[in-house]
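> Just one file: query_15.txt, with compact mmCIF, C-alpha atoms.
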```txt
# COMPACT_ATOMS: atom_id res chain seq x y z
CA MET R 1 0.03 6.48 -32.23
CA LYS R 2 2.30 9.15 -30.75
CA TYR R 3 1.86 8.08 -27.15
CA PRO R 4 2.87 4.42 -27.76
CA LYS R 5 5.96 5.62 -29.61
CA ARG R 6 6.90 7.90 -26.72
CA GLY R 7 6.34 4.99 -24.37
CA VAL R 8 8.64 2.74 -26.38
CA VAL R 9 11.32 5.41 -26.44
CA ARG R 10 11.09 5.86 -22.66
CA VAL R 11 11.35 2.13 -22.07
CA ALA R 12 14.32 1.94 -24.44
CA ARG R 13 16.08 4.71 -22.53
CA ILE R 14 15.55 2.95 -19.22
CA LEU R 15 16.80 -0.35 -20.59
CA THR R 16 19.85 1.33 -22.11
CA VAL R 17 20.82 2.93 -18.81
CA TRP R 18 20.12 -0.36 -17.01
CA VAL R 19 22.39 -2.32 -19.36
CA LEU R 20 25.21 0.22 -19.11
CA THR R 21 25.13 0.56 -15.33
CA ARG R 22 24.72 -3.17 -14.70
CA THR R 23 27.64 -3.92 -16.97
CA VAL R 24 29.78 -1.72 -14.73
CA LEU R 25 28.48 -3.48 -11.60
CA LEU R 26 29.26 -6.90 -13.05
CA LEU R 27 32.75 -5.77 -14.01
CA CYS R 28 33.22 -4.63 -10.42
CA VAL R 29 32.09 -7.83 -8.71
CA PHE R 30 34.10 -9.94 -11.17
CA LYS R 31 37.07 -7.67 -10.31
CA VAL R 32 37.72 -6.44 -13.81
CA LEU R 33 37.25 -2.97 -12.30
CA THR R 34 38.45 -2.22 -8.79
CA VAL R 35 36.47 -0.14 -6.31
CA PRO R 36 38.56 1.43 -3.53
CA GLY R 37 37.94 0.25 0.02
CA PRO R 38 37.05 -3.17 1.45
CA ASP R 39 36.29 -6.02 -0.94
CA VAL R 40 32.49 -6.17 -1.02
CA THR R 41 32.52 -9.65 -2.58
CA SER R 42 34.20 -11.36 0.37
CA ASP R 43 30.88 -12.15 2.04
CA VAL R 44 29.88 -14.28 -0.94
CA ALA R 45 33.27 -15.90 -1.44
CA VAL R 46 33.84 -16.69 2.23
CA ILE R 47 30.72 -16.44 4.40
CA TYR R 48 27.97 -17.44 1.96
CA GLN R 49 30.03 -20.22 0.46
CA GLY R 50 30.86 -21.51 3.95
CA TRP R 51 27.17 -21.57 4.82
CA TYR R 52 26.47 -23.27 1.49
CA GLU R 53 28.74 -26.17 2.40
CA VAL R 54 26.99 -26.57 5.78
CA LEU R 55 23.47 -26.21 4.40
CA ARG R 56 24.17 -28.88 1.79
CA THR R 57 24.53 -31.37 4.65
CA GLY R 58 20.92 -30.75 5.73
CA THR R 59 21.45 -28.52 8.75
CA PHE R 60 21.71 -24.81 9.48
CA PRO R 61 25.05 -23.28 10.63
CA LEU R 62 24.36 -23.86 14.32
CA ASP R 63 27.87 -22.92 15.45
CA ASP R 64 28.12 -19.71 13.43
CA VAL R 65 26.74 -16.62 15.19
CA THR R 66 26.86 -14.68 11.92
CA TRP R 67 23.91 -16.77 10.71
CA GLN R 68 21.18 -14.30 11.72
CA TYR R 69 18.57 -14.92 9.06
CA PRO R 70 15.19 -16.67 8.91
CA PRO R 71 15.18 -20.22 7.57
CA ALA R 72 14.22 -19.44 3.95
CA ALA R 73 17.49 -17.52 3.60
CA ALA R 74 18.96 -20.98 3.09
CA LEU R 75 17.26 -21.02 -0.32
CA ALA R 76 19.10 -17.86 -1.37
CA VAL R 77 22.43 -19.18 -0.13
CA LEU R 78 21.86 -22.50 -1.88
CA SER R 79 20.59 -20.91 -5.11
CA PRO R 80 23.99 -20.98 -6.92
CA ALA R 81 23.49 -24.74 -7.14
CA LEU R 82 21.09 -23.89 -9.98
CA LEU R 83 24.17 -23.03 -12.07
CA PRO R 84 26.47 -26.01 -11.40
CA PHE R 85 28.63 -25.28 -14.44
CA VAL R 86 30.23 -22.21 -12.81
CA ASP R 87 31.86 -21.61 -9.44
CA TYR R 88 29.79 -20.52 -6.44
CA THR R 89 30.62 -16.81 -6.42
CA SER R 90 30.14 -16.37 -10.15
CA ALA R 91 26.80 -18.18 -9.99
CA PHE R 92 25.68 -15.98 -7.12
CA PHE R 93 26.55 -12.78 -8.99
CA VAL R 94 24.68 -13.98 -12.07
CA LEU R 95 21.57 -14.82 -10.03
CA ALA R 96 21.71 -11.45 -8.28
CA PHE R 97 21.95 -9.80 -11.71
CA LEU R 98 18.89 -11.74 -12.87
CA ALA R 99 16.95 -10.71 -9.76
CA ASP R 100 17.83 -7.09 -10.52
CA GLY R 101 16.61 -7.55 -14.09
CA LEU R 102 13.38 -9.11 -12.82
CA VAL R 103 12.65 -6.06 -10.66
CA CYS R 104 13.33 -3.72 -13.57
CA GLY R 105 11.07 -5.78 -15.83
CA LEU R 106 8.23 -5.78 -13.30
CA LEU R 107 8.44 -2.01 -12.89
CA LEU R 108 8.55 -1.46 -16.65
CA TYR R 109 5.50 -3.66 -17.14
CA ALA R 110 3.60 -1.94 -14.33
CA GLY R 111 4.65 1.52 -15.48
CA ARG R 112 2.87 1.14 -18.84
CA ARG R 113 -0.51 0.38 -17.25
CA PRO R 114 -3.27 2.95 -16.60
CA GLY R 115 -2.64 5.09 -13.51
CA LYS R 116 0.99 4.02 -13.41
CA SER R 117 4.27 5.69 -14.32
CA LEU R 118 7.77 4.73 -15.47
CA ARG R 119 9.20 6.85 -12.65
CA GLY R 120 9.42 3.71 -10.56
CA ALA R 121 11.67 1.97 -13.06
CA TRP R 122 13.94 5.04 -13.14
CA VAL R 123 14.19 5.00 -9.34
CA TRP R 124 15.25 1.36 -9.39
CA VAL R 125 17.77 1.79 -12.19
CA ALA R 126 19.33 4.83 -10.50
CA GLY R 127 19.20 3.49 -6.94
CA VAL R 128 20.98 0.22 -7.68
CA ALA R 129 23.67 2.05 -9.66
CA LEU R 130 24.20 4.56 -6.84
CA LEU R 131 24.56 1.84 -4.21
CA GLY R 132 27.28 0.12 -6.21
CA PRO R 133 28.56 -3.44 -6.55
CA ILE R 134 27.43 -4.49 -3.06
CA VAL R 135 23.98 -5.01 -4.63
CA TYR R 136 25.26 -8.13 -6.41
CA ALA R 137 27.31 -9.25 -3.42
CA ARG R 138 24.41 -9.70 -0.97
CA TYR R 139 21.24 -11.72 -1.26
CA ASP R 140 19.09 -8.67 -0.42
CA VAL R 141 18.44 -8.05 -4.11
CA MET R 142 16.65 -11.40 -4.25
CA VAL R 143 14.53 -10.49 -1.22
CA THR R 144 13.76 -7.09 -2.74
CA ALA R 145 12.59 -8.77 -5.94
CA VAL R 146 10.05 -10.77 -3.92
CA ALA R 147 8.97 -7.61 -2.06
CA VAL R 148 8.52 -5.60 -5.27
CA ALA R 149 6.44 -8.39 -6.79
CA ALA R 150 4.29 -8.46 -3.65
CA LEU R 151 3.70 -4.69 -3.65
CA LEU R 152 2.82 -4.63 -7.34
CA ALA R 153 0.26 -7.38 -6.70
CA GLY R 154 -1.13 -5.10 -3.97
CA ALA R 155 -4.76 -4.78 -3.08
CA ARG R 156 -5.92 -6.21 -6.44
CA HIS R 157 -4.49 -9.64 -5.57
CA PRO R 158 -4.35 -9.75 -1.75
CA ARG R 159 -3.71 -13.47 -1.45
CA THR R 160 -0.80 -13.32 -3.88
CA MET R 161 0.63 -10.32 -2.07
CA GLY R 162 0.25 -12.05 1.28
CA ALA R 163 1.91 -15.24 0.12
CA LEU R 164 4.84 -13.32 -1.35
CA ALA R 165 5.18 -11.15 1.77
CA GLY R 166 5.12 -14.26 3.98
CA PHE R 167 7.80 -15.89 1.85
CA GLY R 168 9.83 -12.68 1.88
CA ALA R 169 9.57 -12.49 5.67
CA LEU R 170 11.14 -15.94 5.89
CA LEU R 171 13.96 -14.67 3.69
CA LYS R 172 14.77 -11.55 5.71
CA VAL R 173 11.87 -10.51 8.03
CA TRP R 174 11.33 -6.95 6.74
CA PRO R 175 8.88 -7.87 3.92
CA ALA R 176 6.31 -8.56 6.66
CA LEU R 177 6.01 -4.76 6.91
CA LEU R 178 4.56 -4.62 3.39
CA LEU R 179 1.13 -5.65 4.67
CA ILE R 180 0.58 -2.68 7.00
CA GLY R 181 -1.30 -0.65 4.40
CA MET R 182 -3.70 -3.30 3.14
CA PRO R 183 -7.36 -2.18 3.04
CA ARG R 184 -9.40 -3.37 5.98
CA ALA R 185 -11.83 -6.25 6.10
CA ARG R 186 -11.61 -8.76 3.22
CA ALA R 187 -8.29 -7.64 1.72
CA THR R 188 -6.59 -7.66 5.12
CA ARG R 189 -7.99 -11.06 6.03
CA SER R 190 -6.95 -12.53 2.68
CA SER R 191 -3.45 -11.07 2.59
CA TRP R 192 -2.56 -11.51 6.25
CA GLY R 193 -4.03 -15.01 6.26
CA ALA R 194 -2.04 -16.01 3.16
CA ALA R 195 1.11 -14.55 4.70
CA ALA R 196 0.60 -16.46 7.94
CA VAL R 197 -0.14 -19.75 6.17
CA THR R 198 2.92 -19.36 3.93
CA ALA R 199 5.27 -18.37 6.76
CA VAL R 200 4.06 -20.97 9.24
CA GLY R 201 3.90 -23.73 6.65
CA MET R 202 7.42 -23.09 5.37
CA THR R 203 8.78 -22.76 8.91
CA LEU R 204 7.31 -26.13 9.86
CA VAL R 205 8.87 -27.71 6.80
CA PHE R 206 12.28 -26.32 7.76
CA LEU R 207 11.87 -27.36 11.41
CA VAL R 208 11.08 -30.92 10.38
CA THR R 209 13.73 -31.26 7.68
CA MET R 210 16.68 -29.14 8.93
CA PRO R 211 17.91 -28.75 12.52
CA GLY R 212 18.47 -25.20 13.79
CA ALA R 213 15.84 -23.41 11.72
CA LEU R 214 15.17 -20.89 14.51
CA ALA R 215 18.70 -20.46 15.81
CA PHE R 216 18.85 -17.04 14.14
CA LEU R 217 16.56 -15.61 16.84
CA THR R 218 19.22 -15.94 19.53
CA PHE R 219 22.05 -14.71 17.32
CA GLN R 220 20.06 -11.65 16.23
CA ARG R 221 19.10 -10.81 19.82
CA ASP R 222 22.73 -10.58 20.90
CA ARG R 223 23.77 -7.96 18.34
CA GLY R 224 25.03 -4.56 19.47
CA THR R 225 25.15 -1.12 17.86
CA GLU R 226 26.61 -1.26 14.37
CA ILE R 227 28.89 1.69 13.54
CA GLU R 228 26.78 2.89 10.60
CA SER R 229 23.50 3.12 12.51
CA LEU R 230 21.81 6.27 13.74
CA GLY R 231 22.59 5.47 17.39
CA ALA R 232 26.25 4.92 16.56
CA LEU R 233 26.66 8.64 15.93
CA VAL R 234 26.63 9.09 19.70
CA PHE R 235 29.77 6.98 20.04
CA HIS R 236 31.48 8.43 16.97
CA VAL R 237 31.31 11.83 18.65
CA ALA R 238 31.97 10.42 22.14
CA ARG R 239 35.26 8.90 20.97
CA HIS R 240 36.56 12.47 20.62
CA LEU R 241 35.36 13.29 24.14
CA GLY R 242 37.12 10.50 25.99
CA TRP R 243 34.64 7.61 25.68
CA ARG R 244 36.50 4.39 26.44
CA GLY R 245 34.90 1.96 24.08
CA GLU R 246 36.16 0.21 21.00
CA VAL R 247 35.24 -0.85 17.50
CA GLN R 248 35.28 -4.58 16.80
CA LEU R 249 33.98 -7.10 14.31
CA ASN R 250 31.13 -8.59 16.33
CA TYR R 251 28.34 -10.93 15.16
CA GLY R 252 29.33 -10.42 11.56
CA SER R 253 29.41 -6.61 11.49
CA VAL R 254 31.63 -3.81 12.78
CA GLU R 255 30.08 -2.67 16.06
CA PHE R 256 30.78 -0.42 19.02
CA LEU R 257 31.50 -2.23 22.26
CA GLY R 258 31.86 -0.57 25.64
CA PRO R 259 30.03 1.63 28.16
CA TYR R 260 26.47 2.71 27.30
CA VAL R 261 26.30 0.63 24.11
CA THR R 262 23.52 -1.51 25.58
CA LEU R 263 21.62 1.63 26.56
CA VAL R 264 21.81 3.10 23.04
CA SER R 265 20.76 -0.24 21.54
CA THR R 266 17.76 -0.32 23.89
CA VAL R 267 16.80 3.22 22.92
CA ALA R 268 16.98 2.23 19.25
CA GLN R 269 14.66 -0.69 19.91
CA GLY R 270 12.34 1.65 21.81
CA LEU R 271 12.21 3.98 18.80
CA SER R 272 11.26 1.00 16.64
CA VAL R 273 8.37 0.30 19.02
CA VAL R 274 7.29 3.95 18.77
CA ALA R 275 7.40 3.63 14.98
CA LEU R 276 5.21 0.54 15.15
CA CYS R 277 2.72 2.36 17.38
CA TRP R 278 2.54 5.25 14.90
CA LEU R 279 1.84 2.81 12.07
CA VAL R 280 -0.95 1.17 14.07
CA VAL R 281 -2.50 4.57 14.85
CA TRP R 282 -2.26 5.55 11.19
CA ARG R 283 -3.93 2.33 10.11
CA LEU R 284 -6.80 2.89 12.54
CA ARG R 285 -7.25 6.55 11.58
CA ALA R 286 -6.85 6.28 7.79
CA ARG R 287 -10.12 7.26 6.11
CA VAL R 288 -9.31 7.22 2.40
CA ARG R 289 -6.99 4.99 0.39
CA SER R 290 -5.69 5.71 -3.08
CA ALA R 291 -4.21 3.25 -5.57
CA SER R 292 -0.74 3.89 -4.09
CA THR R 293 -1.60 3.63 -0.40
CA VAL R 294 -0.47 0.03 0.02
CA ALA R 295 2.94 0.82 -1.47
CA ASP R 296 3.22 4.19 0.28
CA ALA R 297 2.50 2.68 3.69
CA ALA R 298 5.00 -0.13 3.05
CA PHE R 299 7.65 2.43 2.09
CA VAL R 300 6.97 4.42 5.27
CA ALA R 301 7.14 1.30 7.42
CA VAL R 302 10.44 0.10 5.95
CA LEU R 303 11.88 3.63 6.25
CA LEU R 304 10.91 3.91 9.91
CA PHE R 305 12.33 0.55 10.89
CA THR R 306 15.51 1.07 8.89
CA ALA R 307 16.18 4.50 10.39
CA THR R 308 15.62 3.27 13.96
CA SER R 309 17.49 -0.03 13.59
CA ARG R 310 20.58 -0.92 15.62
CA VAL R 311 22.11 -1.95 12.32
CA ILE R 312 21.99 -0.02 9.03
CA SER R 313 24.12 -2.09 6.71
CA PRO R 314 24.66 -0.63 3.22
CA GLN R 315 22.48 -3.25 1.55
CA TYR R 316 19.51 -2.12 3.66
CA LEU R 317 19.25 0.88 1.33
CA LEU R 318 18.26 -1.55 -1.41
CA TRP R 319 15.05 -2.32 0.48
CA LEU R 320 14.20 1.37 0.52
CA VAL R 321 15.03 1.81 -3.16
CA GLY R 322 12.74 -1.09 -4.08
CA ALA R 323 9.84 0.19 -1.97
CA ALA R 324 10.32 3.75 -3.25
CA ALA R 325 10.36 2.49 -6.84
CA VAL R 326 6.98 0.80 -6.40
CA CYS R 327 5.54 3.98 -4.84
CA LEU R 328 6.60 6.11 -7.77
CA ALA R 329 5.22 3.55 -10.20
CA PHE R 330 1.83 4.96 -9.10
CA ARG R 331 0.90 8.42 -10.34
CA ALA R 332 -1.15 9.00 -7.18
CA SER R 333 1.84 8.59 -4.85
CA ARG R 334 3.15 11.59 -2.94
CA MET R 335 6.43 9.95 -2.07
CA ALA R 336 8.54 11.65 -4.76
CA LEU R 337 10.50 13.84 -2.33
CA PRO R 338 11.14 11.09 0.26
CA ALA R 339 12.19 8.81 -2.60
CA GLY R 340 14.63 11.48 -3.81
CA LEU R 341 16.10 11.73 -0.32
CA VAL R 342 16.50 7.95 -0.24
CA LEU R 343 18.38 8.06 -3.54
CA ALA R 344 20.67 10.75 -2.13
CA ALA R 345 21.22 8.63 0.99
CA THR R 346 21.99 5.66 -1.25
CA PHE R 347 24.81 7.53 -2.96
CA VAL R 348 26.23 8.72 0.38
CA THR R 349 26.08 5.10 1.54
CA PHE R 350 28.31 4.11 -1.38
CA LEU R 351 30.74 6.85 -0.31
CA GLU R 352 30.88 5.61 3.28
CA PHE R 353 31.01 1.95 2.26
CA PRO R 354 33.14 0.83 0.64
CA LEU R 355 34.85 4.01 -0.59
CA TRP R 356 35.76 5.73 2.68
CA PHE R 357 34.87 3.06 5.22
CA SER R 358 38.25 3.43 6.92
CA HIS R 359 37.25 6.99 7.86
CA VAL R 360 33.98 5.72 9.35
CA VAL R 361 35.82 3.09 11.42
CA ALA R 362 38.28 5.74 12.61
CA SER R 363 35.46 8.17 13.52
CA ASP R 364 37.41 10.97 11.85
CA PRO R 365 35.69 14.16 10.61
CA LEU R 366 35.05 12.76 7.13
CA GLY R 367 33.58 9.53 8.46
CA ILE R 368 31.33 11.32 10.97
CA THR R 369 30.18 13.80 8.32
CA LEU R 370 29.24 11.01 5.93
CA LEU R 371 27.18 9.26 8.59
CA PHE R 372 25.49 12.48 9.72
CA VAL R 373 24.51 13.22 6.13
CA ARG R 374 23.38 9.68 5.26
CA ASN R 375 21.44 9.09 8.46
CA GLY R 376 20.08 12.63 8.41
CA LEU R 377 18.71 12.02 4.91
CA LEU R 378 17.04 8.80 6.09
CA VAL R 379 15.45 10.50 9.09
CA ALA R 380 14.24 13.40 6.92
CA ALA R 381 12.84 10.97 4.36
CA ALA R 382 11.03 9.02 7.09
CA LEU R 383 9.46 12.13 8.63
CA LEU R 384 8.39 13.56 5.27
CA ALA R 385 6.97 10.21 4.18
CA CYS R 386 4.99 9.92 7.42
CA ARG R 387 3.63 13.45 6.98
CA ASN R 388 2.64 12.88 3.36
CA LEU R 389 0.94 9.56 4.12
CA TRP R 390 -0.96 11.08 7.05
CA ARG R 391 -2.07 14.10 5.04
CA GLN R 392 -3.28 12.08 2.07
CA THR R 393 -5.17 9.42 4.02
CA VAL R 394 -6.17 11.09 7.30
CA ALA R 395 -5.90 14.89 7.47
CA GLU R 396 -7.14 15.91 4.01
CA PRO R 397 -10.13 13.52 3.94
CA ARG R 398 -11.18 14.83 7.36
CA ALA R 399 -10.86 18.42 6.17
CA ARG R 400 -13.04 17.63 3.15
CA GLU R 401 -15.62 15.97 5.39
CA ARG R 402 -15.73 18.99 7.68
CA ALA R 403 -16.00 21.35 4.72
CA ALA R 404 -18.81 19.29 3.22
CA ALA R 405 -20.64 19.16 6.55
CA SER R 406 -20.36 22.91 7.11
CA GLY R 407 -21.49 23.53 3.53
CA GLU R 408 -24.59 21.44 4.05
CA VAL R 409 -25.43 23.27 7.25
CA SER R 410 -25.00 26.69 5.64
CA ARG R 411 -27.21 25.70 2.73
CA ALA R 412 -29.90 24.23 4.95
CA PRO R 413 -32.89 26.59 5.55
CA ARG R 414 -33.00 28.11 9.04
CA ALA R 415 -36.03 27.61 11.26
CA ASP R 416 -37.03 31.25 11.09
CA THR R 417 -36.95 31.68 7.31
CA TYR R 418 -39.96 31.97 5.06
CA ALA R 419 -39.36 28.50 3.78
CA THR R 420 -40.08 27.02 7.16
CA ALA R 421 -42.76 29.39 8.31
CA PRO R 422 -46.24 27.87 8.73
```
What do you get writing this file as structure tokens?


Amino acid sequence: MKYPKRGVVRVARILTVWVLTRTVLLLCVFKVLTVPGPDVTSDVAVIYQGWYEVLRTGTFPLDDVTWQYPPAAALAVLSPALLPFVDYTSAFFVLAFLADGLVCGLLLYAGRRPGKSLRGAWVWVAGVALLGPIVYARYDVMVTAVAVAALLAGARHPRTMGALAGFGALLKVWPALLLIGMPRARATRSSWGAAAVTAVGMTLVFLVTMPGALAFLTFQRDRGTEIESLGALVFHVARHLGWRGEVQLNYGSVEFLGPYVTLVSTVAQGLSVVALCWLVVWRLRARVRSASTVADAAFVAVLLFTATSRVISPQYLLWLVGAAAVCLAFRASRMALPAGLVLAATFVTFLEFPLWFSHVVASDPLGITLLFVRNGLLVAAALLACRNLWRQTVAEPRARERAAASGEVSRAPRADTYATAP
């Protein structure tokens, strides 16, 4: 009876911290408490609500280049209609809060099962609190809820995972990466097939019912190098060495414009291709899979593509926190250190946006330092996560196979021993 009591106490502690921290976040987005820096709620009050008015007419925002999302994102933007008795922004914040609670509940439920741990719930509770009120002011928390549900379904329910990943990909693309670690053969066919059917089916529905469902492809293609990305560090330093570019609001984010920006953006895309190639090689070489491999591989994939992206918006850290939380929900996972680095990067992200974003825009020493630290933590987390995944699924199983083979040879009787003599 002692273990159940300890489990109840642990869950109660997590829920207490969740309630306290989420109360603070709600007070921030409802502007009872004021966070220094830019108003993180303006995207909901202005941009999302503007899209909402257009989407209600049955079409996508065809004349708005800031609409850079797959068609199912319309469902997230329209979701405040579920609470018609409150204004749009308030309804959105409440729904984001509920999505956060759903993720916490899923991780708590999973953490009490055999082979699982409540570490994942702690990662989620801490990560959302460290990122700050922007969590409730972007629809990424809703996407992350879908992704977490997909990863927890995992290899035990491949069709469910595939359907959720396909739906998530139509919300914001990145959940498609969750399927990279699925076991080969039947599980891969089931999950990837379900994802394809879900994504294609929903896309066809949107194409038939709402004009402009694929307009986001052109708008996304034309983006530049956002000032918080890894590649942007080149221009932050170059501004002090005479580089003649500028910082402007472009395609919905603050980006660098000027000489060599296209080159750096191309290099970033090239690094993403290299990351994809590494993931393919890993998948082909992996010899052993543990209970956590699906989640671990998904975490690695999202880390790699986030770190190499032309754009690292603050809310992207929420994706990493969600994937890391699922990893640590498995006792077999070796992603504890990378997850810790992600949590550290999440807190530094809150410091650079919104707290000291003016310093980032100005490329002053504080702003550059914050970005070096945040992006350095992400790169370190990605490299460590890749190493740990490779060791657990490729290197160590091979070493055991070689040791077993050499042991069998050494134990085998030689041709010139008495045992083999005629």

> How close does each residue of segment 302-349 of chain R get to segment 103-127 of chain R, giving the shortest atom pair and distance in Å to one decimal for every residue with an atom at most 6 Å away, counting all atoms listed in the file, sorted by chain and residue number, as JSON lines?


```
{"residue": "R:Val321", "atom": "CA", "partner": "R:Gly127", "partner_atom": "CA", "distance": 5.9}
{"residue": "R:Ala325", "atom": "CA", "partner": "R:Gly120", "partner_atom": "CA", "distance": 4.0}
{"residue": "R:Val326", "atom": "CA", "partner": "R:Gly120", "partner_atom": "CA", "distance": 5.6}
{"residue": "R:Leu328", "atom": "CA", "partner": "R:Gly120", "partner_atom": "CA", "distance": 4.6}
{"residue": "R:Ala329", "atom": "CA", "partner": "R:Gly120", "partner_atom": "CA", "distance": 4.2}
{"residue": "R:Phe330", "atom": "CA", "partner": "R:Lys116", "partner_atom": "CA", "distance": 4.5}
{"residue": "R:Arg331", "atom": "CA", "partner": "R:Lys116", "partner_atom": "CA", "distance": 5.4}
{"residue": "R:Leu343", "atom": "CA", "partner": "R:Gly127", "partner_atom": "CA", "distance": 5.8}
```

> Do you have, as a Markdown table, the list of residues of segment 213-318 of chain R lying at most 9 Å from segment 54-70 of chain R, each with its nearest atom pair and that distance in Å to one decimal, counting all atoms listed in the file and ordered by chain then number?


```
| residue | atom | partner | partner_atom | distance |
| --- | --- | --- | --- | --- |
| R:Ala213 | CA | R:Phe60 | CA | 6.4 |
| R:Leu214 | CA | R:Pro70 | CA | 7.0 |
| R:Ala215 | CA | R:Leu62 | CA | 6.8 |
| R:Phe216 | CA | R:Gln68 | CA | 4.3 |
| R:Leu217 | CA | R:Gln68 | CA | 7.0 |
| R:Thr218 | CA | R:Gln68 | CA | 8.2 |
| R:Phe219 | CA | R:Val65 | CA | 5.5 |
| R:Gln220 | CA | R:Gln68 | CA | 5.3 |
| R:Asn250 | CA | R:Thr66 | CA | 8.6 |
| R:Tyr251 | CA | R:Thr66 | CA | 5.2 |
| R:Gly252 | CA | R:Thr66 | CA | 4.9 |
| R:Ser253 | CA | R:Thr66 | CA | 8.5 |
```

> What gap, in Å, lies between atom CA of Ala286 of chain R and atom CA of Ala380 of chain R?

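Rounded to one decimal, the two atoms are 22.3 Å apart.
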
> Counting all atoms listed in the file, which residues in segment 300-371 of chain R sit no more than 7 Å from segment 35-51 of chain R? For each one, give the nearest pair of atoms and the distance in Å, sorted by chain then residue number, as CSV.


```
residue,atom,partner,partner_atom,distance
R:Pro354,CA,R:Gly37,CA,4.9
R:Leu355,CA,R:Gly37,CA,4.9
R:Trp356,CA,R:Gly37,CA,6.5
R:Phe357,CA,R:Gly37,CA,6.7
```

> Nearest residue to Asp100 of chain R out of R:Ala150, R:Val280, R:Leu318, R:Val267, using all atoms listed in the file?

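With all atoms listed in the file as the atom set, the closest residue is R:Leu318.
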
> Could you give me, as a PDB file with C-alpha atoms, in the frame of the given file, the residues within 10 Å of Leu271 of chain R, counting only C-alpha atoms and dropping anything in the same chain fewer than 2 positions from it?


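part-v6.pdb, written as the output of this step:
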```pdb
ATOM      1  CA  SER R 265      20.760  -0.240  21.540  1.00  0.00           C
ATOM      2  CA  THR R 266      17.760  -0.320  23.890  1.00  0.00           C
ATOM      3  CA  VAL R 267      16.800   3.220  22.920  1.00  0.00           C
ATOM      4  CA  ALA R 268      16.980   2.230  19.250  1.00  0.00           C
ATOM      5  CA  GLN R 269      14.660  -0.690  19.910  1.00  0.00           C
ATOM      6  CA  VAL R 273       8.370   0.300  19.020  1.00  0.00           C
ATOM      7  CA  VAL R 274       7.290   3.950  18.770  1.00  0.00           C
ATOM      8  CA  ALA R 275       7.400   3.630  14.980  1.00  0.00           C
ATOM      9  CA  LEU R 276       5.210   0.540  15.150  1.00  0.00           C
ATOM     10  CA  CYS R 277       2.720   2.360  17.380  1.00  0.00           C
ATOM     11  CA  LEU R 304      10.910   3.910   9.910  1.00  0.00           C
ATOM     12  CA  PHE R 305      12.330   0.550  10.890  1.00  0.00           C
ATOM     13  CA  ALA R 307      16.180   4.500  10.390  1.00  0.00           C
ATOM     14  CA  THR R 308      15.620   3.270  13.960  1.00  0.00           C
ATOM     15  CA  SER R 309      17.490  -0.030  13.590  1.00  0.00           C
TER      16      SER R 309
END
```

> Counting only C-alpha atoms, which residue out of R:Ala145, R:Gly224, R:Leu371, R:Leu98 sits closest to Val19 of chain R?

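Of the candidates, the smallest distance to Val19 of chain R is held by R:Leu98.
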